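A.B. asks: Have a look at the structure that comes next, please.
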Amino acid sequence: MKCKLFFAVVSFHLTSLICASLGFAQSQITSPTTAEIFKQFSEQVVKIEVVESGSGAKASVGSGFFANERGQIVTNYHVVSKLIHSPDRYRIDVSAPSGQTAQAAVLAVDVIYDLAVLSINRSIKGFLRFETTPVAQGTRLYSLGHPQDLGLTIVEGTYNGLLQHSLYPKVHFTGSLNPGMSGGPTVTHAGKVVGINVATEGEQISFLVPAARAISLLEKTAAIEKPSTADFLAEVGRQIQANQARYLDGMFSKATPSVTLGPYSLPTKPADFFRCWADALRRKELPYVVISHDCSTDDYIFVSSEQSSGIVRFYHQLLSTEELNPARFFTLYSSQVQAGNVALFGNEEEVTPFRCLTRNLQTQGGKLKGVLCARQYVKLPGLYDAVFRGATLGARNVGLVTTLSLSGVSFENIQALTRRYAEAIKWRR
Amino acid sequence: MAPLGYIEVLDHKGNVVERTRINSFPVHVGRAYSNEVVIDDPYVCPAHITIELDDGGSLIARDLNSINGLRTASDRKKRLAKLELNSGSQFQIGHTTLRYRSFDHPLAPTLLDRENEASFFGSPHVAVFAGLLVFALLCLEGFLGSVERVTIAGIVSEPLVTFATLFLWAGLWTLAGRVILSRFYFFEHVTIASFAIVGFFAINAVAEWLEFLFPFIPALWLAGVFGAGLILAALVFGHLRFASMMRRRSRIWAAFSVSAALIGISFISDYANRSKFSNVMEFNGIVKPLDAAWVPTISVEQFIDSSQKLKKDLETLAQKSKSVQP
């Protein structure tokens with residue numbers, strides 16, 4: 001899973017000293033072109049700090065850039081998400097390379113693509129324009145931002161097209177983005193913004209939000225004269241609700257491909273944006289075999305540091321034995337059904353505890369023990385996390401535990417997907 | 001003429017504490033050592049009453065102008081100058097209850113002493129059988145509960161500690177019985193503890209099957225808890241029978257009190273844990289090797305309909321959570 005680039009403030013005096021001196025050494029050998037680009041466009045890149053109002057301490061640091069003549073700043077939603085969730089507890093400070101600092105207000109957010117537009121009450125010296133023509137693969141790009149709060153930095157890399165199997169289009173940027181550079185611009189040598197820094201998978205694999213998304217969000221803010229006191233959290237909830245249909249409609253319908261595990265035929269890779277893996281646990285000292293098949297969306301929507309939405313994961317575990325008698329095999333089987341190996345985080349402020357419904361079900365294929373557990377988002381009404389687990393019944397030395405895990409979806413979608421998923425489990429005669 | 005008999009001093013439960021034989025009347029009763037019946041009670045006068053025969057041959061207790069008087073046991077407020085006594089009559093002087101019984105007072109039939117007879121619980125055969133049954137169940141549980149390859153030595157050695165604990169438990173009760181009753185009841189305690197363990201095994205097995213077959217029955221676990229509570233009460237009741245002088249009724253009370261207290265404590269700690277926030281999904285994952293035809297089911301559609309209740313519960317939880325937060 002990708003790692004978002006925002007940077008929670010921790011003490012790092014020693015690291016910062018070492019990194020700062022390395023940065024200095026690097027700048028000595030930078031090619032003149034890069035130096036010129038830095039000189040020409042760095043004035044339009046800002047540092048964005050989310051500050052805890054009570055203590056005046058930084059809670060998170062990211063980057064942003066001026067995107068139009070009205071001085072509106074584009075950054076990532078995840079850079080300012082703390083303020084969106086608790087507007088009374090935080091404020092946003094924006095500082096330009098010249099050292100000038102101003103307080104900013106949120107104008108608009110796009111939680112699906114991880115973007116936010118801010119405004120400040122200051123005149124600006126200039127702004128960056130967006131690249132609207134297609135860019136060729138291999139084009140040299142320059143990313144700007146404040147990695148680890150070490151000061152404005154420029155990183156060279158190359159454009160490698162849009163991700164092929166992503167639910168949300170993202171630019172694949174081969175270059176080292178680091179925490180703190182989130183929200184900063186990645187530009188061509190002409191200073192035109194190709195994308196907004198958003199995530200990294202390490203080892204030079206980085207991702208940008210395509211410029212087109214920022215352009216359309218900025219168009220929405222054109223009519224806004226001054227920042228409203230609108231409840232952006234409710235807007236976040238609305239956007240997530242509206243986005244669900246895009247990827248959940250028809251998932252696990254009859255057209256979903258299937259995979260065969262033992263006597264069962266089970267759903268697999270329901271869409272291009274899923275990745276599936278398979279594995280088997282077959283050890284000499286164990287009197288049973290576990291074959292697993294695991295599919296998950298690769299992408300997710302950042303809601304807050306402890307919450308994400310839009311993840312769909314499902315996995316099948318086929319247990320079988322030639323050796324154990326039914327009573328012993330079912331001890332193993334029961335413990336596998338009970339096992340809580342579904343990683344879901346969350347705290348009391350954001351989610352309710354889980355509540356579960358357990359029944360024995362008759363599907364078109366056969367009989368299942370079915371468990372549906374769900375919890376509600378406290379601050380985003382109408383959104384839920386849910387886990388459906390099914391365990392096939394009737395066989396004596398083989399059993400299937402299958403789990404569907406959904407995050408940040410409506411209850412109606414939980415019901416629809418659970419229904420289709422349960423019916424997609426087939427018994428091969 | 002009424003026959004001679006005994007003057008008995010009774011405690012507050014009606015048990016005889018002292019008994020003085022009456023060979024002739026009148027009998028003098030009081031605190032002074034010159035009396036035939038000497039009462040050790042500071043509220044009794046040195047010469048408190050006499051018991052004598054009147055002219056008609058009736059036996060009369062007469063107050064000798066005592067400070068605290070003569071009263072009947074049934075009406076202690078009323079002071080009497082004299083009181084006619086029959087065999088079995090009770091009366092009060094000072095803080096002391098006295099009873100007169102004639103020599104020919106009818107007696108209750110003699111009780112058959114079963115203590116020394118061979119009882120079911122006291123039989124060494126039963127104790128050995130019950131102990132072995134527990135051991136076999138522990139081994140079976142260990143065997144069925146393991147999903148790795150096992151050896152006979154491994155299966156037999158695993159429950160030894162639990163098995164030894166059973167004997168330690170029975171031993172402690174036996175020791176208590178030895179101190180209180182001056183008798184050893186080891187086999188009885190082994191048998192009682194063993195049967196209780198077998199009972200717990202049975203209840204556990206029944207509960208698992210019921211929860212698997214009928215997950216829709218709400219609070220099925222509550223029935224399990226009460227079943228376990230009953231076995232616990234029976235265990236305490238049985239042990240007390242062979243380790244105390246408590247009467248049957250008191251033992252029933254003690255047994256249910258202990259059982260209720262333990263269940264209460266577990267409910268309270270369960271409630272305390274429940275109100276803590278947790279990300280854990282709590283459900284019962286038990287499945288059993290049963291032919292699918294025997295498993296009662298509902299349709300997927302009905303399952304989805306039932307989930308509407310889940311949604312309502314979550315709505316309530318979210319409202320509660322919102323109202324708690326600042």
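By order in the structure tokens, chains are A, B, ...; within a chain, residues start at 1; ligands start at 1, following the order shown.
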Tell me, which residues of segment 48-143 of chain B carry DSSP strand (DSSP E), written as a PyMOL selection string?
C.D. replies: chain B and resi 49-53+59-63+70-72+82-85+90-93+96-102
A.B. asks: So that each row is one residue of chain B with an atom at most 8 Å from chain A, can you give its shortest atom pair and the distance in Å to one decimal, using only C-alpha atoms, rows by chain and rising number, as a tab-separated table?
C.D. replies:
residue	atom	partner	partner_atom	distance
B:Phe143	CA	A:Arg328	CA	7.6
B:Leu144	CA	A:Arg328	CA	4.7
B:Gly145	CA	A:Thr331	CA	6.0
B:Ser146	CA	A:Arg328	CA	6.8
B:Val147	CA	A:Leu332	CA	6.0
B:Glu148	CA	A:Leu286	CA	5.8
B:Arg149	CA	A:Pro287	CA	6.4
B:Leu213	CA	A:Asn360	CA	7.7
B:Phe214	CA	A:Arg359	CA	7.9
B:Pro215	CA	A:Arg359	CA	5.7
B:Phe216	CA	A:Arg359	CA	6.3
B:Phe277	CA	A:Glu348	CA	6.3
B:Ser278	CA	A:Pro353	CA	6.0
B:Asn279	CA	A:Pro353	CA	6.0
B:Val280	CA	A:Phe354	CA	7.0
B:Met281	CA	A:Phe354	CA	5.5
B:Glu282	CA	A:Cys356	CA	6.7
B:Phe283	CA	A:Cys356	CA	6.3
B:Asn284	CA	A:Gln338	CA	6.7
B:Gly285	CA	A:Gln338	CA	4.4
B:Ile286	CA	A:Ser334	CA	4.8
B:Val287	CA	A:Ser334	CA	5.3
B:Lys288	CA	A:Phe330	CA	6.1
B:Pro289	CA	A:Arg396	CA	5.8
B:Leu290	CA	A:Gly394	CA	5.9
B:Asp291	CA	A:Gly394	CA	4.8
B:Ala292	CA	A:Gly394	CA	4.2
B:Ala293	CA	A:Gly394	CA	7.8
B:Val295	CA	A:Asn360	CA	7.6
B:Pro296	CA	A:Asn360	CA	6.9
B:Thr297	CA	A:Asn360	CA	4.8
B:Ile298	CA	A:Leu361	CA	5.0
B:Ser299	CA	A:Gln362	CA	5.0
B:Val300	CA	A:Leu361	CA	6.0
B:Glu301	CA	A:Arg419	CA	7.3
B:Phe303	CA	A:Arg359	CA	7.2
B:Ile304	CA	A:Gln415	CA	6.0
B:Ser307	CA	A:Leu357	CA	6.9
B:Leu310	CA	A:Arg355	CA	6.7
B:Lys311	CA	A:Phe411	CA	7.3
B:Asp313	CA	A:Arg355	CA	7.7
B:Leu314	CA	A:Gln376	CA	6.1
B:Glu315	CA	A:Gln376	CA	7.4
B:Leu317	CA	A:Thr352	CA	6.2
B:Ala318	CA	A:Val378	CA	5.4
B:Gln319	CA	A:Val378	CA	7.8
B:Ser321	CA	A:Val378	CA	7.1
B:Lys322	CA	A:Val378	CA	6.6
B:Gln325	CA	A:Glu349	CA	7.2
A.B. asks: Rank nothing, just name the residue among B:Met246, B:Val161, B:Leu59, B:Ala153 nearest to Ser24 of chain B, using only C-alpha atoms.
C.D. replies: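 Using only C-alpha atoms, Ser24 of chain B sits closest to B:Leu59.
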A.B. asks: Using atom CA of Asp270 of chain B and atom CA of Ala219 of chain B as the two end points, give the distance in Å to one decimal.
C.D. replies: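 Interatomic distance, atom CA of Asp270 of chain B to atom CA of Ala219 of chain B: 14.2 Å.
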A.B. asks: What is the atom CA of Leu406 of chain A to atom CA of Ile311 of chain A distance in Å?
C.D. replies: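 These atoms are spaced 5.9 Å apart.
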A.B. asks: Have a look at atom CA of Leu111 of chain B and atom CA of Tyr6 of chain B and let me know their distance in Å, one decimal.
C.D. replies: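 Result for atom CA of Leu111 of chain B versus atom CA of Tyr6 of chain B: 23.0 Å, one decimal.
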A.B. asks: Name the residues in contact with Tyr90 of chain A at a cut-off of 10 Å, using only C-alpha atoms, excluding same-chain residues fewer than 5 positions from it; report them as a PyMOL selection string.
C.D. replies: chain A and resi 49-59+80+82-85
A.B. asks: Skip Ile231 of chain B itself and residues of its chain fewer than 2 positions away, then list as a ChimeraX atom specification all residues within 12 Å of it, counting only C-alpha atoms.
C.D. replies: /B:192-204,224-229,233-238,255-256,258-260,263
A.B. asks: The selected residues should be written to file as a JSON list (two decimals), in the first residue's frame (atoms: N, CA and C atoms).
C.D. replies:
[["chain", "number", "residue", "atom", "x", "y", "z"],
["B", 192, "ILE", "N", -17.96, -35.75, 44.17],
["B", 192, "ILE", "CA", -18.75, -34.53, 43.93],
["B", 192, "ILE", "C", -18.03, -33.62, 42.93],
["B", 193, "ALA", "N", -16.72, -33.38, 43.15],
["B", 193, "ALA", "CA", -15.97, -32.49, 42.25],
["B", 193, "ALA", "C", -15.94, -33.07, 40.84],
["B", 194, "SER", "N", -15.77, -34.40, 40.73],
["B", 194, "SER", "CA", -15.71, -35.03, 39.41],
["B", 194, "SER", "C", -17.01, -34.87, 38.65],
["B", 195, "PHE", "N", -18.13, -35.12, 39.36],
["B", 195, "PHE", "CA", -19.42, -34.98, 38.69],
["B", 195, "PHE", "C", -19.66, -33.55, 38.23],
["B", 196, "ALA", "N", -19.19, -32.58, 39.06],
["B", 196, "ALA", "CA", -19.36, -31.18, 38.66],
["B", 196, "ALA", "C", -18.58, -30.91, 37.37],
["B", 197, "ILE", "N", -17.35, -31.43, 37.28],
["B", 197, "ILE", "CA", -16.55, -31.21, 36.07],
["B", 197, "ILE", "C", -17.23, -31.85, 34.86],
["B", 198, "VAL", "N", -17.74, -33.08, 35.06],
["B", 198, "VAL", "CA", -18.46, -33.74, 33.96],
["B", 198, "VAL", "C", -19.65, -32.88, 33.53],
["B", 199, "GLY", "N", -20.33, -32.30, 34.52],
["B", 199, "GLY", "CA", -21.47, -31.42, 34.24],
["B", 199, "GLY", "C", -21.06, -30.22, 33.41],
["B", 200, "PHE", "N", -19.91, -29.61, 33.78],
["B", 200, "PHE", "CA", -19.43, -28.44, 33.02],
["B", 200, "PHE", "C", -19.10, -28.83, 31.57],
["B", 201, "PHE", "N", -18.50, -30.01, 31.41],
["B", 201, "PHE", "CA", -18.19, -30.50, 30.06],
["B", 201, "PHE", "C", -19.47, -30.63, 29.25],
["B", 202, "ALA", "N", -20.47, -31.24, 29.89],
["B", 202, "ALA", "CA", -21.73, -31.49, 29.18],
["B", 202, "ALA", "C", -22.38, -30.18, 28.78],
["B", 203, "ILE", "N", -22.41, -29.23, 29.70],
["B", 203, "ILE", "CA", -23.07, -27.95, 29.41],
["B", 203, "ILE", "C", -22.35, -27.21, 28.29],
["B", 204, "ASN", "N", -21.03, -27.31, 28.29],
["B", 204, "ASN", "CA", -20.22, -26.65, 27.26],
["B", 204, "ASN", "C", -20.53, -27.25, 25.88],
["B", 224, "GLY", "N", -26.66, -20.84, 29.17],
["B", 224, "GLY", "CA", -25.42, -21.54, 29.52],
["B", 224, "GLY", "C", -24.90, -21.08, 30.86],
["B", 225, "VAL", "N", -24.94, -19.76, 31.08],
["B", 225, "VAL", "CA", -24.44, -19.20, 32.34],
["B", 225, "VAL", "C", -25.27, -19.73, 33.51],
["B", 226, "PHE", "N", -26.60, -19.79, 33.33],
["B", 226, "PHE", "CA", -27.43, -20.27, 34.42],
["B", 226, "PHE", "C", -27.23, -21.76, 34.66],
["B", 227, "GLY", "N", -27.01, -22.51, 33.59],
["B", 227, "GLY", "CA", -26.72, -23.93, 33.73],
["B", 227, "GLY", "C", -25.45, -24.13, 34.54],
["B", 228, "ALA", "N", -24.42, -23.35, 34.19],
["B", 228, "ALA", "CA", -23.15, -23.44, 34.91],
["B", 228, "ALA", "C", -23.35, -23.03, 36.36],
["B", 229, "GLY", "N", -24.20, -22.03, 36.58],
["B", 229, "GLY", "CA", -24.48, -21.56, 37.94],
["B", 229, "GLY", "C", -25.12, -22.66, 38.77],
["B", 233, "ALA", "N", -23.69, -24.39, 42.12],
["B", 233, "ALA", "CA", -24.45, -24.45, 43.37],
["B", 233, "ALA", "C", -24.47, -25.88, 43.89],
["B", 234, "ALA", "N", -24.68, -26.84, 42.98],
["B", 234, "ALA", "CA", -24.71, -28.25, 43.39],
["B", 234, "ALA", "C", -23.37, -28.66, 43.97],
["B", 235, "LEU", "N", -22.29, -28.14, 43.38],
["B", 235, "LEU", "CA", -20.94, -28.46, 43.85],
["B", 235, "LEU", "C", -20.74, -27.97, 45.29],
["B", 236, "VAL", "N", -21.11, -26.72, 45.53],
["B", 236, "VAL", "CA", -20.94, -26.15, 46.87],
["B", 236, "VAL", "C", -21.83, -26.90, 47.86],
["B", 237, "PHE", "N", -23.08, -27.17, 47.44],
["B", 237, "PHE", "CA", -24.03, -27.88, 48.30],
["B", 237, "PHE", "C", -23.45, -29.24, 48.71],
["B", 238, "GLY", "N", -22.93, -29.96, 47.73],
["B", 238, "GLY", "CA", -22.39, -31.29, 47.98],
["B", 238, "GLY", "C", -21.19, -31.25, 48.90],
["B", 255, "ALA", "N", -25.09, -22.45, 48.95],
["B", 255, "ALA", "CA", -24.73, -22.87, 47.59],
["B", 255, "ALA", "C", -25.19, -21.84, 46.58],
["B", 256, "PHE", "N", -26.45, -21.40, 46.70],
["B", 256, "PHE", "CA", -26.96, -20.44, 45.71],
["B", 256, "PHE", "C", -26.33, -19.06, 45.87],
["B", 258, "VAL", "N", -23.17, -18.47, 46.84],
["B", 258, "VAL", "CA", -21.83, -18.53, 46.23],
["B", 258, "VAL", "C", -21.96, -18.47, 44.71],
["B", 259, "SER", "N", -22.90, -19.28, 44.18],
["B", 259, "SER", "CA", -23.09, -19.35, 42.75],
["B", 259, "SER", "C", -23.53, -17.99, 42.20],
["B", 260, "ALA", "N", -24.50, -17.36, 42.87],
["B", 260, "ALA", "CA", -25.00, -16.06, 42.41],
["B", 260, "ALA", "C", -23.89, -15.01, 42.48],
["B", 263, "ILE", "N", -21.48, -15.56, 39.54],
["B", 263, "ILE", "CA", -22.10, -15.14, 38.28],
["B", 263, "ILE", "C", -22.19, -13.62, 38.24]]
A.B. asks: Could you give me, as a short mmCIF file (atom, residue, chain, number, x, y, z; two decimals) with C-alpha atoms, in the first residue's frame, each residue of segment 280-424 of chain A that DSSP assigns to helix (DSSP H, G or I) when run on this structure's backbone?
C.D. replies:
data_model
loop_
_atom_site.label_atom_id
_atom_site.label_comp_id
_atom_site.auth_asym_id
_atom_site.auth_seq_id
_atom_site.Cartn_x
_atom_site.Cartn_y
_atom_site.Cartn_z
CA PRO A 326 -14.08 -34.60 11.56
CA ALA A 327 -14.19 -33.50 15.23
CA ARG A 328 -10.54 -32.41 15.18
CA PHE A 329 -10.81 -30.88 11.74
CA PHE A 330 -13.76 -28.79 12.89
CA THR A 331 -11.72 -27.49 15.83
CA LEU A 332 -9.30 -26.11 13.28
CA TYR A 333 -12.12 -24.93 11.04
CA SER A 334 -13.94 -23.16 13.91
CA SER A 335 -10.79 -21.33 14.96
CA GLN A 336 -10.27 -20.19 11.38
CA VAL A 337 -13.83 -18.89 11.19
CA GLN A 338 -13.33 -17.09 14.49
CA PHE A 411 -25.19 0.39 4.43
CA GLU A 412 -27.21 -0.20 1.26
CA ASN A 413 -23.98 -1.06 -0.56
CA ILE A 414 -22.94 -3.38 2.28
CA GLN A 415 -26.23 -5.21 1.91
CA ALA A 416 -26.04 -5.37 -1.89
CA LEU A 417 -22.42 -6.57 -1.96
CA THR A 418 -22.98 -9.11 0.82
CA ARG A 419 -25.96 -10.51 -1.06
CA ARG A 420 -24.06 -10.83 -4.34
CA TYR A 421 -20.91 -12.13 -2.66
CA ALA A 422 -22.74 -14.87 -0.72
CA GLU A 423 -24.50 -15.99 -3.88
#
A.B. asks: Write out as a list in words each polymer residue whose atoms come within 9 Å of segment 7-23 of chain B, counting only C-alpha atoms; drop sequence neighbours fewer than 6 positions from it.
C.D. replies: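 Contacts, with the query itself left out: Glu36, Val37, Ile39, Thr96, Thr97, Leu98, Arg99, Tyr100, Arg101 and Ser102 of chain B.
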A.B. asks: Export, as a PDB file, in the first residue's frame, the selected residues with N, CA and C atoms.
C.D. replies:
ATOM      1  N   GLU B  36     -32.016 -26.223  94.100  1.00  0.00           N
ATOM      2  CA  GLU B  36     -31.841 -27.498  93.399  1.00  0.00           C
ATOM      3  C   GLU B  36     -31.410 -27.229  91.952  1.00  0.00           C
ATOM      4  N   VAL B  37     -32.039 -26.182  91.365  1.00  0.00           N
ATOM      5  CA  VAL B  37     -31.655 -25.815  89.992  1.00  0.00           C
ATOM      6  C   VAL B  37     -30.964 -24.453  90.047  1.00  0.00           C
ATOM      7  N   ILE B  39     -29.189 -21.344  88.332  1.00  0.00           N
ATOM      8  CA  ILE B  39     -29.181 -20.688  87.009  1.00  0.00           C
ATOM      9  C   ILE B  39     -28.091 -19.620  87.000  1.00  0.00           C
ATOM     10  N   THR B  96     -33.155 -16.373  80.805  1.00  0.00           N
ATOM     11  CA  THR B  96     -33.009 -17.820  80.635  1.00  0.00           C
ATOM     12  C   THR B  96     -34.355 -18.476  80.332  1.00  0.00           C
ATOM     13  N   THR B  97     -34.329 -19.356  79.331  1.00  0.00           N
ATOM     14  CA  THR B  97     -35.538 -20.125  79.005  1.00  0.00           C
ATOM     15  C   THR B  97     -35.409 -21.508  79.637  1.00  0.00           C
ATOM     16  N   LEU B  98     -36.471 -21.903  80.344  1.00  0.00           N
ATOM     17  CA  LEU B  98     -36.467 -23.218  81.006  1.00  0.00           C
ATOM     18  C   LEU B  98     -37.601 -24.060  80.432  1.00  0.00           C
ATOM     19  N   ARG B  99     -37.436 -25.380  80.537  1.00  0.00           N
ATOM     20  CA  ARG B  99     -38.490 -26.278  80.074  1.00  0.00           C
ATOM     21  C   ARG B  99     -38.614 -27.402  81.097  1.00  0.00           C
ATOM     22  N   TYR B 100     -39.859 -27.771  81.376  1.00  0.00           N
ATOM     23  CA  TYR B 100     -40.082 -28.922  82.256  1.00  0.00           C
ATOM     24  C   TYR B 100     -40.464 -30.108  81.395  1.00  0.00           C
ATOM     25  N   ARG B 101     -39.844 -31.246  81.671  1.00  0.00           N
ATOM     26  CA  ARG B 101     -40.247 -32.480  80.986  1.00  0.00           C
ATOM     27  C   ARG B 101     -40.374 -33.606  81.994  1.00  0.00           C
ATOM     28  N   SER B 102     -41.508 -34.292  81.933  1.00  0.00           N
ATOM     29  CA  SER B 102     -41.709 -35.412  82.862  1.00  0.00           C
ATOM     30  C   SER B 102     -40.936 -36.629  82.363  1.00  0.00           C
TER      31      SER B 102
END
A.B. asks: So that I can check the surroundings of Leu163 of chain A, please list as a ChimeraX atom specification every protein, DNA and RNA residue that reaches within 9 Å of it, counting only C-alpha atoms and ignoring chain neighbours fewer than 4 positions away.
C.D. replies: /A:168-172,207
A.B. asks: Counting only C-alpha atoms, what is within 9 Å of Ser258 of chain A, bar same-chain residues fewer than 6 positions away, as an mmCIF file with C-alpha atoms, in the first residue's frame?
C.D. replies:
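As a result, part-v9.cif now contains:
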data_model
loop_
_atom_site.group_PDB
_atom_site.id
_atom_site.type_symbol
_atom_site.label_atom_id
_atom_site.label_comp_id
_atom_site.auth_asym_id
_atom_site.auth_seq_id
_atom_site.Cartn_x
_atom_site.Cartn_y
_atom_site.Cartn_z
ATOM 1 C CA SER A 265 -15.969 -22.059 -7.247
ATOM 2 C CA LEU A 266 -15.346 -18.566 -5.894
ATOM 3 C CA PRO A 267 -15.239 -14.966 -7.115
ATOM 4 C CA THR A 268 -11.901 -13.441 -8.090
ATOM 5 C CA LYS A 269 -10.618 -10.167 -9.605
ATOM 6 C CA PRO A 270 -13.985 -8.455 -10.102
ATOM 7 C CA ALA A 424 -21.221 -15.985 -5.831
#
